[in-house]
Each structure stands twice: as structure tokens, then as C-alpha cells.
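Taking it in order: structure first as C-alpha cells, then the write-up.
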Protein chains: 2
Amino acid sequence: MVPHLITALTGPINELEQRVLESMPAIERWFRLEWMEHTPPFYSSVDLRNAGFKLAPVDTNLFPGGFNNLTPEMLPLAVQAAMAAIEKICPEAKNLLLVPENDTGNSFYRSNLATLVRIFTQAGLNVRLGSMDPAVVGPTELAMADGSSLTLEPLLRTRGRLGLKGFDPCTVLLNNDLSAGVPRSIEHLHEQYLLPPLHAGWPTRRKSQHFKAYEEVAKKFSKLLGMDHWLINPVFTPLQSADFSAGAGLEALQTQVDTILNKTRRKYKEYGIQEKPFVVIKPDAGTYGMGVLTVRDAKDLAELGQRKLLGPVGEGAAEHQIIVQEGVVTHERVHDAVAEPVVYMMDRYVVGGFYRVHADRGVDENLNAPGASFVPLAFSQSSQLPRLGEKPGVSAPNRFYMYGVIARLAMLAASYELEVTDPEAEIYA
Amino acid sequence: MVPHLITALTGPINELEQRVLESMPAIERWFRLEWMEHTPPFYSSVDLRNAGFKLAPVDTNLFPGGFNNLTPEMLPLAVQAAMAAIEKICPEAKNLLLVPENDTGNSFYRSNLATLVRIFTQAGLNVRLGSMDPAVVGPTELAMADGSSLTLEPLLRTRGRLGLKGFDPCTVLLNNDLSAGVPRSIEHLHEQYLLPPLHAGWPTRRKSQHFKAYEEVAKKFSKLLGMDHWLINPVFTPLQSADFSAGAGLEALQTQVDTILNKTRRKYKEYGIQEKPFVVIKPDAGTYGMGVLTVRDAKDLAELGQRKLLGPVGEGAAEHQIIVQEGVVTHERVHDAVAEPVVYMMDRYVVGGFYRVHADRGVDENLNAPGASFVPLAFSQSSQLPRLGEKPGVSAPNRFYMYGVIARLAMLAASYELEVTDPEAEIYA
């Protein structure tokens with residue numbers, strides 16, 4: 001199923017699409033060379049915004065949920081990519097312990113877990129679920145919508161290893177972004193592979209670090225393609241924590257918002273874009289989609305309180321550092337509702353994706369919110385491989401290939417980011 | 001599209017299917033460990049025969065044609081596997097030179113080439129076609145059925161490198177099994193990656209070597225699953241070249257045919273199989289599908305001449321060594337015609353497959369002959385991943401998973417085989 005694309009069919013994005021397609025072998029080779037130097041995250045998902053004149057990643061998730069939104073057609077690609085990932089990291093692995101978010105009864109998330117279990121079982125691992133939730137004291141059945149069930153078991157920590165009763169895994173896969181903090185039970189697991197590493201969790205991650213790495217990646221990539229990196233890179237600036245509701249804190253924030261708005265305005269002028277610029281303000285740490293605020297004028301900030309500004313930052317994220325980022329409008333719609341593409345990756349491979357669609361949100365708003373629905377991106381359908389020679393902007397497969405490229409740039413940025421924040425990295429002085 | 005399976009739904013094959021499914025994680029791990037020690041062929045295809053009571057590979061092709069028979073749904077898997085293969089062998093590769101069979105106007109083979117070009121282009125390589133055919137003296141357009149065309153160019157050999165005019169590849173991919181011999185232009189290419197290596201071509205390959213390696217693999221695998229390796233391993237014996245039409249040569253052949261028939265008869269008795277055993281006689285070297293003879297009684301051999309016995313062995317294969325192999329009847333039918341599954345692999349991954357269907361052939365005959373048609377195996381359709389818990393014999397995805405496992409055993413055997421025949425292998429005395 002290919003959703004009808006209502007992206008503006010003229011303008012810079014079509015030039016980008018054409019350049020991306022023409023440069024396919026060079027781009028793939030560039031990624032190959034990057035992956036020789038850098039390790040891809042075990043899995044990831046990237047939210048993109050396509051403004052018609054600009055295409056940029058806005059969120060890079062290193063503990064992706066939502067695998068249930070991938071179509072059955074995409075699963076063999078995910079299984080193959082999982083095989084490749086396991087083979088590289090721990091070919092001798094037998095047992096995989098999957099550590100999910102605490103269960104809240106959300107049937108979509110349960111379905112995500114069932115999909116992950118299926119993918120890794122078929123990639124050749126015995127998979128069981130171990131919960132961090134202290135309420136899980138014995139095997140707990142989670143009912144699924146289709147009548148099947150999943151079994152959560154309490155984690156069992158012994159000296160150097162994490163497991164379940166009667167289950168000693170060589171690999172522990174987190175599907176929990178650690179927003180609630182790092183439980184002691186998963187620290188110092190030096191005898192097992194812990195994927196992703198703890199410093200990929202929100203207690204360590206900072207969006208500013210990610211977008212700094214993304215800027216570096218976007219500049220390199222844009223040089224390869226001979227284009228302005230702004231076309232794929234939203235301007236941003238981080239702000240140290242302060243009371244942003246008044247006084248010096250508010251002033252500093254207003255100054256940064258003005259700076260980003262001005263930079264954006266200049267770029268809009270350069271490209272003849274008629275849109276009104278805006279910025280988004282996000283907590284620097286914390287689960288994506290939480291506390292994202294859209295601002296069109298620095299003056300509006302005075303009317304917002306500190307609470308509104310910082311929003312419900314993810315549980316446990318105590319710091320109040322924020323980032324101010326150029327907003328990227330989404331001009332994609334599916335069935336009249338505002339939509340943004342989300343791309344799923346396993347190891348270095350794009351395995352699928354979907355449109356996140358939100359009927360009640362505007363083109364400049366965050367769509368990762370209750371009420372969103374999902375329409376598969378037909379990445380993995382055979383007939384959906386890119387076709388050279390098609391007119392730019394009219395071929396869904398070509399559009400999806402471009403999305404896969406930009407999403408992989410964000411994944412590569414996450415890889416750079418994790419190198420910088422790795423507490424065990426060797427220091428070359 | 002899932003063709004209706006008319007395999008006998010009872011008997012040992014269903015036990016095998018069940019055991020294979022139950023052991024999926026153990027099997028995948030076993031393959032992972034094998035691939036740590038052995039290098040998979042770059043690409044391969046394996047013909048299987050499913051007798052209902054026995055499932056065995058009969059041909060392992062290391063220069064597979066027929067990629068055009070894969071469905072569009074399978075191509076993303078092939079692209080991803082090609083990416084993984086390139087990444088491991090030559091990540092820095094930019095240009096790929098594809099060296100095909102000499103063109104005979106066969107539109108299916110041209111379509112196979114177009115598919116290979118597409119796969120490797122999308123995996124990130126600049127692909128061009130260089131022909132060994134001395135008749136190709138300049139760029140030659142090959143018209144395709146869909147109105148597009150392919151360009152063949154003459155090979156250009158310089159000191160240590162093979163290329164085309166204005167095209168210096170780091171990797172040369174052979175899609176030519178070298179039945180006509182190894183041209184000097186592709187010897188001693190020490191500065192480039194030549195895939196597969198020359199000793200994978202028919203001037204070096206011997207079926208006896210392959211099936212010897214397969215026996216070793218099948219025994220290991222059967223031990224893992226706790227089953228009789230005969231269920232996946234056809235008995236065979238090689239015979240030195242001789243005049244098989246009379247005298248001592250004929251006698252030796254009759255003795256071997258009797259031996260194989262007797263061994264098979266004993267196994268049939270053990271499993272209560274009512275079929276009449278038969279053997280196939282094949283040239284030990286030479287393209288598969290050529291000169292394969294079905295024999296039910298050693299006495300029949302006296303009536304055949306040497307010419308009939310050796311058949312049209314592949315061009316250039318001068319030796320007359322043969323192998324006598326237990327015949328495996330195929331009890332699969334697609335639309336009433338006799339069918340056998342063919343599985344395609346790229347690197348260590350199953351990327352697709354199809355049924356070779358021949359309306360005019362019997363269940364004990366070679367189907368790789370003019371008049372064959374092809375029906376896709378729905379390996380790669382998402383909904384076609386194996387389902388645990390299904391009754392054996394009724395689930396096409398489970399059947400296909402088992403086919404993928406047996407085909408990978410044959411691929412692994414080819415890997416063992418290429419290690420033994422590698423002229424540059426280090427000798428550990």
C-alpha cells in the first residue's frame with residue numbers, strides 16, 4: 001500500500017530527490033565507508049519532516065517501539081538485518097533477553113514486543129522477556145488482541161549477569177529508554193552484551209549532542225552531493241538550564257529564539273520560500289514527543305510559564321536544559337491529515353517505515369502525540385525499490401529511498417553521538 | 001503467490017519439518033557458527049527434490065542465472081544481502097564489472113542480467129557488463145523484452161587488472177560458470193576481487209567433491225537435530241573415467257548402480273517406503289542439468305551407448321568421470337505438473353526462490369530442461385515467515401523455511417568444497 005503523497009511537487013526537495021537518486025552508488029559507498037569507522041546503533045527509528053523545500057530528521061529513537069506498525073512484508077527484511085547484526089556482535093549467542101518498558105496495558109506496545117520476539121526468534125535466538133517493573137514478581141501473562149499472549153518474567157541479577165529463572169542470556173536487548181533512570185540490576189554487566197549500551201538511554205543522551213553530530217554528518221554528506229546542508233539540517237542551539245519564565249533566563253531564551261528565526265528567515269529568502277518561520281523548544285533530555293513547544297515569535301514566550309516551557313519532561317530527567325531548533329513544517333498529508341514519515345532501521349539497514357498521521361494537529365506541530373495513527377510506507381515492497389529515470393516527486397519508491405537516506409544520516413549521527421558519550425571510550429590525548 | 005503444495009502430507013518429511021521449525025534458533029545459531037569458520041559463496045542457487053519421505057539438494061549452482069524468476073517482493077532482500085556481502089568483501093568498492101555468459105539472444109538470461117545489474121546498483125555500485133565473447137568488439141546493445149536495453153562491452157585486460165574502456169572496477173563478478181574454460185583475460189587478477197573465484201568454475205569443480213562435502217555437512221546437521229542424515233542426503237559414488245559402454249567399464253558401472261540401488265532399497269524398507277528406487281548418472285564436471293540419466297536397473301545400462309551415458313557434458317569438460325547418485329523422486333506438483341523448488345541465496349542469506357515446473361517430465365526425471373516454467377516460492381512475503389505451532393505439512397511458510405535450511409546446507413557444502421579446491425589455500429601439514 002502506497003499512501004498518496006501530497007508533498008509539493010516542485011522546489012528544492014525534488015532537486016534533492018533527483019540528486020540523491022543519481023548519486024545512489026556514491027551514497028551507498030559513502031555509508032559503507034562510514035560504517036567501517038563507526039558502529040551503527042543496534043536498532044533505531046527516525047522521524048522525518050518533509051517541508052517540500054527541506055527534509056530533516058526531528059527525532060532519533062534508539063529504543064524504538066512501534067515495530068508492530070511495520071507491515072508483514074517488511075518483516076523478512078527485519079529478520080535478515082537482525083541476523084546480520086547478531087552475526088557481527090555476538091554470533092555465538094543462543095539466548096536473548098528482551099527488557100521492555102513497564103507494561104501499562106497498552107496493546108500497541110505489547111504488539112510491538114510480540115513483533116520483536118518474532119523477529120529475533122526467526123533470526124535464530126531463544127527470546128524471553130524480563131521486566132524491570134518491581135510489580136512483576138513471577139511469570140505474568142500479557143494478553144494480546146489476537147488472543148495470544150506474552151510472558152513477562154522478573155529479572156534475576158546474579159554477580160556479573162542478568163537473566164531470568166532458568167534462562168541465562170548472552171545478550172540483553174533493551175527496549176526501554178531508561179527515562180526512569182538506570183536500575184542497578186542492569187549496571188556493570190561486563191559478561192554480557194547489553195544492547196543498546198546504557199549511555200544510549202535518556203539519563204545520558206542529550207538532543208543537543210545528537211543534533212551537533214547530525215550537523216557534522218549532514219555537512220559531510222552535503223559536500224558529497226554538492227549541496228547546501230541546510231536543506232537537510234535544521235538550525236538549533238542548546239540553552240543551559242535557567243528559569244526561562246522571567247528575567248535573564250527569559251531574555252536569553254528570547255535572544256536564541258530570535259537568532260534561530262532570523263537565520264531561518266534568511267534561508268527562506270534565499271530559496272524564495274513564502275512560509276513563516278517558527279522554532280520548536282524541546283527539553284534537551286527525555287523521551288521524544290514530550291514537552292515540544294512551537295513558537296513563532298520570541299515575544300510570545302513572556303506569556304508562557306516555566307511549566308509550560310519545560311513541559312512534562314520525561315520521567316526522571318531532572319535537568320532543565322533545553323534546545324531551540326528551527327521548526328520544519330510538514331507538507332505531507334495522508335487522507336487530508338497531517339503526516340510525517342518514520343523510518344525503522346536494524347543495524348545499518350532500512351527495514352521499513354510508516355507515516356505517522358494526526359488528524360487533529362497542524363503542519364507545524366509535533367505529531368508524536370495521543371491520537372496519532374499509522375500508514376505503512378511501502379519501503380520494502382519489491383516494486384517499491386527506487387527507479388532511476390522517473391520524474392522527481394512523482395515516484396513513491398524514489399521518495400522513500402530519499403527518506404531512507406536521510407534517516408540513515410540521523411542513525412549515523414547517533415553512532416557519532418554514542419562514541420562521544422561512551423564512558424568506556426579510550427581517550428587519545 | 002503461494003502455489004498449492006501437493007506434497008504427501010504424512011511421513012518423515014513432516015517430522016523433519018516439525019523438527020526443523022522447533023529447532024529454528026539452534027539451527028540459525030549453528031549456521032552462524034559455521035559462517036564464522038567458512039566463507040559463504042558470493043551467490044548461489046540450489047535445486048531441491050522433495051520426495052515426501054526425503055528432501056535433498058540435487059544441484060548447487062555457484063553462478064546462478066534465473067534471478068529474473070525472483071518476484072519483485074524478493075528484490076529488497078537481495079539488495080540488502082548484496083549490501084552485506086559487499087560490505088564484508090570490499091566495502092570500499094565503487095565499480096562492479098559483471099561478466100555474463102556469452103549472449104545467445106535468450107531473453108530470460110538477458111532479464112537475469114538486468115535483475116543483477118539492478119540489485120548491485122541499488123546496493124551501491126556502478127555496474128557495467130563486460131563480455132568474454134570475442135565477437136563483442138565494441139559496445140553492443142542487447143534489447144530487452146520491456147523495451148529497455150543492456151550494453152555489453154568488450155573486456156579490456158591491462159597488466160594486473162580487468163576492466164572496460166574507461167571503467168576500472170575493484171570487483172569482478174562472474175555470472176559465467178566457465179564451462180568453456182578459463183580465458184586468459186581473467187587469470188591472475190591479483191589486484192581485484194574476482195567473485196566467485198576461478199576454482200568455482202566447472203574446469204575445477206566436481207560434483208563428487210560437492211556431494212562429499214554435503215555429506216559431511218548433512219551428518220553434522222543431522223547430529224544437531226538428532227535424525228538420520230539419509231533423510232536429507234542422497235547416497236552417491238564417483239566413478240573414474242572409462243569406456244562404460246562395454247567390458248570392465250560397464251561392469252564397474254553396473255556394480256556401483258547395484259550398490260546404490262541396494263542401499264536405497266534397504267533405507268526404503270527401513271522407512272516403509274513403497275517407491276521403486278532409482279539412480280541418476282551425471283557427468284562429474286559440467287553445467288547442471290546436462291547429461292543426467294535416470295536408471296532403475298543396472299541391466300538397462302548394457303543397452304545404452306557411451307554417448308548416451310555421458311550425454312552432452314558441458315562444453316570443454318573433457319573428462320569422463322561420472323557420479324552415480326541415489327535418485328530422489330519429486331512428489332511436489334504445481335497445477336498438475338511435476339515441480340521442484342529452487343532456492344536463491346546471496347551471501348549467507350536466502351533471498352528468494354521458485355518452483356521449477358515441467359509439464360512433460362516425470363517425477364524421477366531432471367526438470368532443468370527446455371520447457372520448464374517457474375512459479376515463485378513466496379519466501380520473502382512477510383506473511384510467509386515461518387509460523388511456530390502450525391501443523392506440519394500444511395503451512396507453506398514452514399515448508400519454505402525448511403527448504404531454505406536444506407538449501408543453505410548445500411551452500412555450506414559448496415563453501416567446504418571451495419576450501420578444499422582452493423589452489424591458493426595454505427597447507428597445514
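Quick note on naming: the chains in the C-alpha cells go A, B, ... in the order shown, residues restart at 1 in each chain, and ligands are numbered from 1 in order of appearance.
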
Practice problem: Show me which bits of chain A are within 8 Å of chain B, counting only C-alpha atoms, as a ChimeraX atom specification. | Solution: /A:24-29,32-33,36,71-77,80-81,84,87,91-94,121-126,349,380-383,385-386

Emit the selected residues as a short mmCIF file (atom, residue, chain, number, x, y, z; two decimals), in the first residue's frame, including N, CA, C and O atoms.
data_model
loop_
_atom_site.label_atom_id
_atom_site.label_comp_id
_atom_site.auth_asym_id
_atom_site.auth_seq_id
_atom_site.Cartn_x
_atom_site.Cartn_y
_atom_site.Cartn_z
N MET A 24 23.06 7.43 -6.06
CA MET A 24 22.84 6.24 -5.24
C MET A 24 24.10 5.42 -4.99
O MET A 24 24.44 5.14 -3.84
N PRO A 25 24.85 5.02 -6.05
CA PRO A 25 26.04 4.22 -5.75
C PRO A 25 27.04 4.97 -4.87
O PRO A 25 27.62 4.40 -3.95
N ALA A 26 27.21 6.28 -5.13
CA ALA A 26 28.17 7.06 -4.33
C ALA A 26 27.69 7.15 -2.88
O ALA A 26 28.48 7.06 -1.94
N ILE A 27 26.38 7.33 -2.71
CA ILE A 27 25.82 7.44 -1.35
C ILE A 27 25.99 6.13 -0.59
O ILE A 27 26.44 6.11 0.56
N GLU A 28 25.65 5.03 -1.25
CA GLU A 28 25.76 3.73 -0.57
C GLU A 28 27.21 3.43 -0.22
O GLU A 28 27.51 2.89 0.85
N ARG A 29 28.10 3.79 -1.12
CA ARG A 29 29.51 3.57 -0.83
C ARG A 29 29.95 4.44 0.34
O ARG A 29 30.70 4.00 1.22
N ARG A 32 28.92 2.82 3.40
CA ARG A 32 29.78 1.66 3.68
C ARG A 32 31.07 2.10 4.36
O ARG A 32 31.52 1.48 5.32
N LEU A 33 31.66 3.19 3.82
CA LEU A 33 32.92 3.65 4.39
C LEU A 33 32.71 4.20 5.80
O LEU A 33 33.51 3.96 6.70
N MET A 36 32.53 1.49 8.24
CA MET A 36 33.81 0.86 8.56
C MET A 36 34.43 1.52 9.78
O MET A 36 35.17 0.90 10.54
N THR A 71 4.65 -3.40 8.20
CA THR A 71 3.77 -4.38 7.55
C THR A 71 4.43 -5.75 7.55
O THR A 71 5.65 -5.86 7.65
N PRO A 72 3.62 -6.80 7.42
CA PRO A 72 4.20 -8.14 7.33
C PRO A 72 5.25 -8.24 6.21
O PRO A 72 6.23 -8.96 6.35
N GLU A 73 5.05 -7.48 5.14
CA GLU A 73 6.02 -7.51 4.03
C GLU A 73 7.40 -7.06 4.47
O GLU A 73 8.40 -7.37 3.83
N MET A 74 7.47 -6.24 5.51
CA MET A 74 8.76 -5.69 5.92
C MET A 74 9.52 -6.64 6.85
O MET A 74 10.71 -6.48 7.05
N LEU A 75 8.81 -7.62 7.43
CA LEU A 75 9.46 -8.43 8.46
C LEU A 75 10.64 -9.27 7.96
O LEU A 75 11.64 -9.38 8.66
N PRO A 76 10.57 -9.87 6.76
CA PRO A 76 11.75 -10.63 6.32
C PRO A 76 13.01 -9.76 6.25
O PRO A 76 14.10 -10.21 6.57
N LEU A 77 12.84 -8.48 5.86
CA LEU A 77 13.99 -7.58 5.84
C LEU A 77 14.51 -7.35 7.25
O LEU A 77 15.72 -7.28 7.48
N GLN A 80 16.37 -10.48 8.36
CA GLN A 80 17.68 -10.58 7.72
C GLN A 80 18.66 -9.58 8.34
O GLN A 80 19.82 -9.90 8.60
N ALA A 81 18.18 -8.36 8.60
CA ALA A 81 19.04 -7.35 9.21
C ALA A 81 19.41 -7.75 10.64
O ALA A 81 20.54 -7.55 11.08
N ALA A 84 22.15 -10.20 10.47
CA ALA A 84 23.43 -9.55 10.17
C ALA A 84 23.98 -8.88 11.43
O ALA A 84 25.18 -8.94 11.71
N GLU A 87 25.15 -11.55 14.00
CA GLU A 87 26.34 -12.19 13.46
C GLU A 87 27.59 -11.35 13.74
O GLU A 87 28.66 -11.88 13.98
N PRO A 91 27.93 -13.70 17.36
CA PRO A 91 27.48 -14.84 16.55
C PRO A 91 27.21 -16.09 17.38
O PRO A 91 26.40 -16.92 17.00
N GLU A 92 27.89 -16.20 18.50
CA GLU A 92 27.72 -17.41 19.31
C GLU A 92 26.48 -17.34 20.20
O GLU A 92 26.19 -18.27 20.95
N ALA A 93 25.74 -16.23 20.12
CA ALA A 93 24.58 -16.02 21.00
C ALA A 93 23.53 -17.11 20.82
O ALA A 93 23.26 -17.56 19.71
N LYS A 94 22.94 -17.54 21.94
CA LYS A 94 21.86 -18.53 21.95
C LYS A 94 20.57 -17.89 22.46
O LYS A 94 19.52 -18.07 21.90
N THR A 121 13.44 -14.33 17.20
CA THR A 121 13.32 -15.79 17.18
C THR A 121 13.69 -16.30 15.80
O THR A 121 14.46 -17.25 15.64
N GLN A 122 13.16 -15.64 14.79
CA GLN A 122 13.41 -16.10 13.43
C GLN A 122 14.84 -15.79 12.99
O GLN A 122 15.34 -16.41 12.05
N ALA A 123 15.47 -14.86 13.66
CA ALA A 123 16.88 -14.61 13.37
C ALA A 123 17.75 -15.65 14.08
O ALA A 123 18.96 -15.67 13.89
N GLY A 124 17.13 -16.50 14.90
CA GLY A 124 17.87 -17.61 15.47
C GLY A 124 18.24 -17.45 16.93
O GLY A 124 19.33 -17.85 17.34
N LEU A 125 17.36 -16.89 17.74
CA LEU A 125 17.64 -16.76 19.16
C LEU A 125 16.44 -17.23 19.98
O LEU A 125 15.30 -17.11 19.54
N ASN A 126 16.72 -17.77 21.15
CA ASN A 126 15.66 -18.03 22.11
C ASN A 126 15.38 -16.71 22.82
O ASN A 126 16.28 -16.16 23.46
N TYR A 349 20.69 -1.20 8.18
CA TYR A 349 19.71 -1.37 7.12
C TYR A 349 18.36 -0.74 7.41
O TYR A 349 17.84 -0.85 8.52
N SER A 380 9.50 -1.67 1.55
CA SER A 380 10.12 -2.97 1.34
C SER A 380 9.39 -3.75 0.29
O SER A 380 9.72 -4.88 0.01
N GLN A 381 8.37 -3.15 -0.31
CA GLN A 381 7.74 -3.92 -1.37
C GLN A 381 8.63 -3.87 -2.57
O GLN A 381 9.11 -2.82 -2.98
N SER A 382 8.82 -5.02 -3.09
CA SER A 382 9.73 -5.20 -4.18
C SER A 382 9.57 -4.15 -5.23
O SER A 382 10.51 -3.56 -5.72
N SER A 383 8.33 -3.93 -5.58
CA SER A 383 8.09 -3.00 -6.66
C SER A 383 8.40 -1.59 -6.18
O SER A 383 8.33 -0.64 -6.93
N LEU A 385 11.31 -0.56 -4.86
CA LEU A 385 12.70 -0.13 -4.92
C LEU A 385 12.79 1.07 -5.84
O LEU A 385 11.99 1.21 -6.76
N PRO A 386 13.76 1.94 -5.59
CA PRO A 386 13.82 3.16 -6.39
C PRO A 386 13.98 2.88 -7.88
O PRO A 386 14.61 1.92 -8.28
#

Exercise. Select from range 53-185 of chain B everything DSSP, run on the backbone, classes as alpha helix (DSSP H), then give the selection as a count of residues only.
Key: 31

Quiz item: Do you know which residues are at most 10 Å from range 421-425 of chain B counting only C-alpha atoms, after dropping those on the same chain fewer than 4 positions away, and could you put them as a ChimeraX atom specification?
Solution: /B:197-200,204-206,209,416-417

Determine which residues of range 194-361 of chain A DSSP labels as strand (DSSP E or B) from the backbone of this structure, then write them out as a compact mmCIF listing (two decimals) with N, CA and C atoms, in the first residue's frame.
# COMPACT_ATOMS: atom_id res chain seq x y z
N LEU A 194 25.14 -5.89 26.28
CA LEU A 194 23.96 -5.08 26.59
C LEU A 194 23.74 -4.14 25.41
N LEU A 195 22.60 -4.30 24.75
CA LEU A 195 22.30 -3.54 23.54
C LEU A 195 20.97 -2.81 23.68
N PHE A 236 19.92 24.83 15.10
CA PHE A 236 19.49 24.70 16.50
C PHE A 236 20.53 25.29 17.43
N THR A 237 20.13 25.51 18.67
CA THR A 237 21.08 25.92 19.69
C THR A 237 20.63 25.38 21.04
N PRO A 238 21.56 24.90 21.86
CA PRO A 238 21.18 24.43 23.20
C PRO A 238 21.20 25.59 24.19
N LEU A 239 20.40 25.51 25.24
CA LEU A 239 20.41 26.54 26.29
C LEU A 239 20.59 25.88 27.65
N VAL A 279 10.08 28.20 15.49
CA VAL A 279 11.04 27.34 16.17
C VAL A 279 10.29 26.35 17.05
N VAL A 280 10.98 25.26 17.39
CA VAL A 280 10.45 24.37 18.40
C VAL A 280 11.41 24.39 19.59
N ILE A 281 10.82 24.37 20.77
CA ILE A 281 11.62 24.31 22.00
C ILE A 281 11.36 22.95 22.63
N LYS A 282 12.46 22.21 22.90
CA LYS A 282 12.32 20.86 23.44
C LYS A 282 13.25 20.71 24.64
N PRO A 283 12.87 19.88 25.60
CA PRO A 283 13.83 19.54 26.65
C PRO A 283 15.02 18.82 26.01
N LEU A 293 7.36 22.45 22.15
CA LEU A 293 6.58 23.67 22.07
C LEU A 293 6.89 24.40 20.76
N THR A 294 5.85 24.84 20.06
CA THR A 294 6.05 25.57 18.81
C THR A 294 5.94 27.07 19.08
N VAL A 295 6.93 27.86 18.62
CA VAL A 295 6.93 29.30 18.87
C VAL A 295 7.22 30.05 17.56
N ILE A 322 17.48 22.99 27.63
CA ILE A 322 16.55 22.86 26.51
C ILE A 322 17.29 23.09 25.19
N ILE A 323 16.65 22.76 24.09
CA ILE A 323 17.20 23.19 22.81
C ILE A 323 16.13 23.96 22.04
N VAL A 324 16.63 24.96 21.30
CA VAL A 324 15.77 25.75 20.43
C VAL A 324 16.15 25.37 19.01
N GLN A 325 15.18 24.88 18.24
CA GLN A 325 15.50 24.34 16.93
C GLN A 325 14.57 24.92 15.87
N GLU A 326 15.15 25.20 14.73
CA GLU A 326 14.35 25.63 13.58
C GLU A 326 13.22 24.62 13.36
N GLU A 332 3.35 16.97 4.12
CA GLU A 332 2.80 15.70 3.66
C GLU A 332 1.48 15.44 4.36
N ARG A 333 0.58 14.91 3.61
CA ARG A 333 -0.72 14.58 4.16
C ARG A 333 -1.13 13.21 3.66
N VAL A 334 -1.79 12.47 4.53
CA VAL A 334 -2.38 11.20 4.13
C VAL A 334 -3.86 11.33 4.44
N ALA A 337 -5.05 14.32 6.50
CA ALA A 337 -4.48 14.56 7.83
C ALA A 337 -2.98 14.80 7.70
N VAL A 338 -2.44 15.63 8.59
CA VAL A 338 -1.02 15.93 8.57
C VAL A 338 -0.23 14.65 8.88
N ALA A 339 0.86 14.44 8.13
CA ALA A 339 1.60 13.19 8.26
C ALA A 339 3.11 13.43 8.27
N GLU A 340 3.85 12.57 8.97
CA GLU A 340 5.31 12.62 8.87
C GLU A 340 5.83 11.20 8.77
N PRO A 341 6.87 11.00 7.93
CA PRO A 341 7.40 9.64 7.78
C PRO A 341 8.27 9.24 8.97
N VAL A 342 8.17 7.99 9.36
CA VAL A 342 9.02 7.42 10.41
C VAL A 342 9.72 6.21 9.78
N VAL A 343 11.05 6.19 9.88
CA VAL A 343 11.83 5.14 9.21
C VAL A 343 12.46 4.24 10.26
N TYR A 344 12.33 2.92 10.07
CA TYR A 344 12.88 1.95 11.02
C TYR A 344 14.14 1.31 10.47
N MET A 345 15.14 1.21 11.32
CA MET A 345 16.40 0.61 10.90
C MET A 345 16.86 -0.44 11.90
N MET A 346 17.49 -1.45 11.37
CA MET A 346 18.09 -2.50 12.21
C MET A 346 19.51 -2.62 11.70
N TYR A 349 20.69 -1.20 8.18
CA TYR A 349 19.71 -1.37 7.12
C TYR A 349 18.36 -0.74 7.41
N VAL A 350 17.80 -0.10 6.41
CA VAL A 350 16.42 0.37 6.50
C VAL A 350 15.52 -0.85 6.34
N VAL A 351 14.68 -1.12 7.32
CA VAL A 351 13.84 -2.32 7.23
C VAL A 351 12.37 -1.99 7.02
N GLY A 352 12.00 -0.73 7.16
CA GLY A 352 10.60 -0.40 6.93
C GLY A 352 10.28 1.00 7.43
N GLY A 353 9.02 1.31 7.43
CA GLY A 353 8.62 2.62 7.91
C GLY A 353 7.14 2.83 7.74
N PHE A 354 6.68 3.95 8.24
CA PHE A 354 5.26 4.26 8.10
C PHE A 354 5.09 5.77 8.21
N TYR A 355 3.91 6.23 7.83
CA TYR A 355 3.56 7.62 8.10
C TYR A 355 2.86 7.71 9.43
N ARG A 356 3.32 8.61 10.28
CA ARG A 356 2.56 8.94 11.48
C ARG A 356 1.58 10.04 11.06
N VAL A 357 0.33 9.79 11.29
CA VAL A 357 -0.72 10.67 10.78
C VAL A 357 -1.50 11.21 11.97
N HIS A 358 -1.75 12.51 11.99
CA HIS A 358 -2.52 13.06 13.10
C HIS A 358 -3.54 14.04 12.56

Quiz item: Which neighbours of Asp133 in chain B fall inside 9 Å, counting only C-alpha atoms, when residues of the same chain fewer than 2 positions from it are skipped, and could you give them as a PyMOL selection string?
Solution: chain B and resi 101-103+130-131+135-137+154-155

Exercise. Kindly give the distance, in Å, that separates CA of Arg184 in chain B and CA of Ser208 in chain B, rounded to a single decimal.
Key: 26.8 Å

Quiz item: Can you tell me how far CA of Asp300 in chain B sits from CA of Asn368 in chain B, in Å to one decimal?
Solution: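 Atom-to-atom, CA of Asp300 in chain B to CA of Asn368 in chain B, that is 23.4 Å.
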
Quiz item: What separation in Å, quoted to one decimal, exists between CA of Asn262 in chain A and CA of Met227 in chain A?
Solution: 21.4 Å

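Excluding Ala246 in chain B and any residue on its chain fewer than 2 positions from it, the residues at most 10 Å away by only C-alpha atoms are Ala242, Asp243, Phe244, Ala248, Gly249, Leu250, Glu251, Ala252, Leu253, Leu301, Ala302, Glu303, Leu304, Gly305 and Gln306 of chain B.
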
Can I get the selection written as a PDB file, in the first residue's frame, with C-alpha atoms?
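The new file out-v3.pdb reads:
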ATOM      1  CA  ALA B 242      36.370 -45.421 -18.555  1.00  0.00           C
ATOM      2  CA  ASP B 243      34.513 -46.827 -21.517  1.00  0.00           C
ATOM      3  CA  PHE B 244      31.245 -47.500 -19.747  1.00  0.00           C
ATOM      4  CA  ALA B 248      35.185 -53.794 -17.436  1.00  0.00           C
ATOM      5  CA  GLY B 249      33.887 -50.208 -17.590  1.00  0.00           C
ATOM      6  CA  LEU B 250      30.292 -51.328 -17.967  1.00  0.00           C
ATOM      7  CA  GLU B 251      30.716 -53.912 -15.230  1.00  0.00           C
ATOM      8  CA  ALA B 252      32.151 -51.395 -12.785  1.00  0.00           C
ATOM      9  CA  LEU B 253      29.268 -49.048 -13.513  1.00  0.00           C
ATOM     10  CA  LEU B 301      22.904 -49.975 -18.836  1.00  0.00           C
ATOM     11  CA  ALA B 302      24.158 -52.539 -21.339  1.00  0.00           C
ATOM     12  CA  GLU B 303      21.732 -51.220 -23.913  1.00  0.00           C
ATOM     13  CA  LEU B 304      22.936 -47.643 -23.675  1.00  0.00           C
ATOM     14  CA  GLY B 305      25.985 -46.487 -25.594  1.00  0.00           C
ATOM     15  CA  GLN B 306      28.870 -44.423 -24.215  1.00  0.00           C
TER      16      GLN B 306
END

Quiz item: Can you list, as a ChimeraX atom specification, every protein, DNA or RNA residue that comes within 10 Å of Leu156 in chain A when you count only C-alpha atoms, leaving out same-chain residues fewer than 4 positions away?
Solution: /A:130-132,161-168,185

Quiz item: Which residue out of B:Arg49, B:Asn14, B:Phe63, B:Ser111 has the minimum interatomic distance to Gly147 in chain B when only C-alpha atoms are used?
Solution: B:Ser111
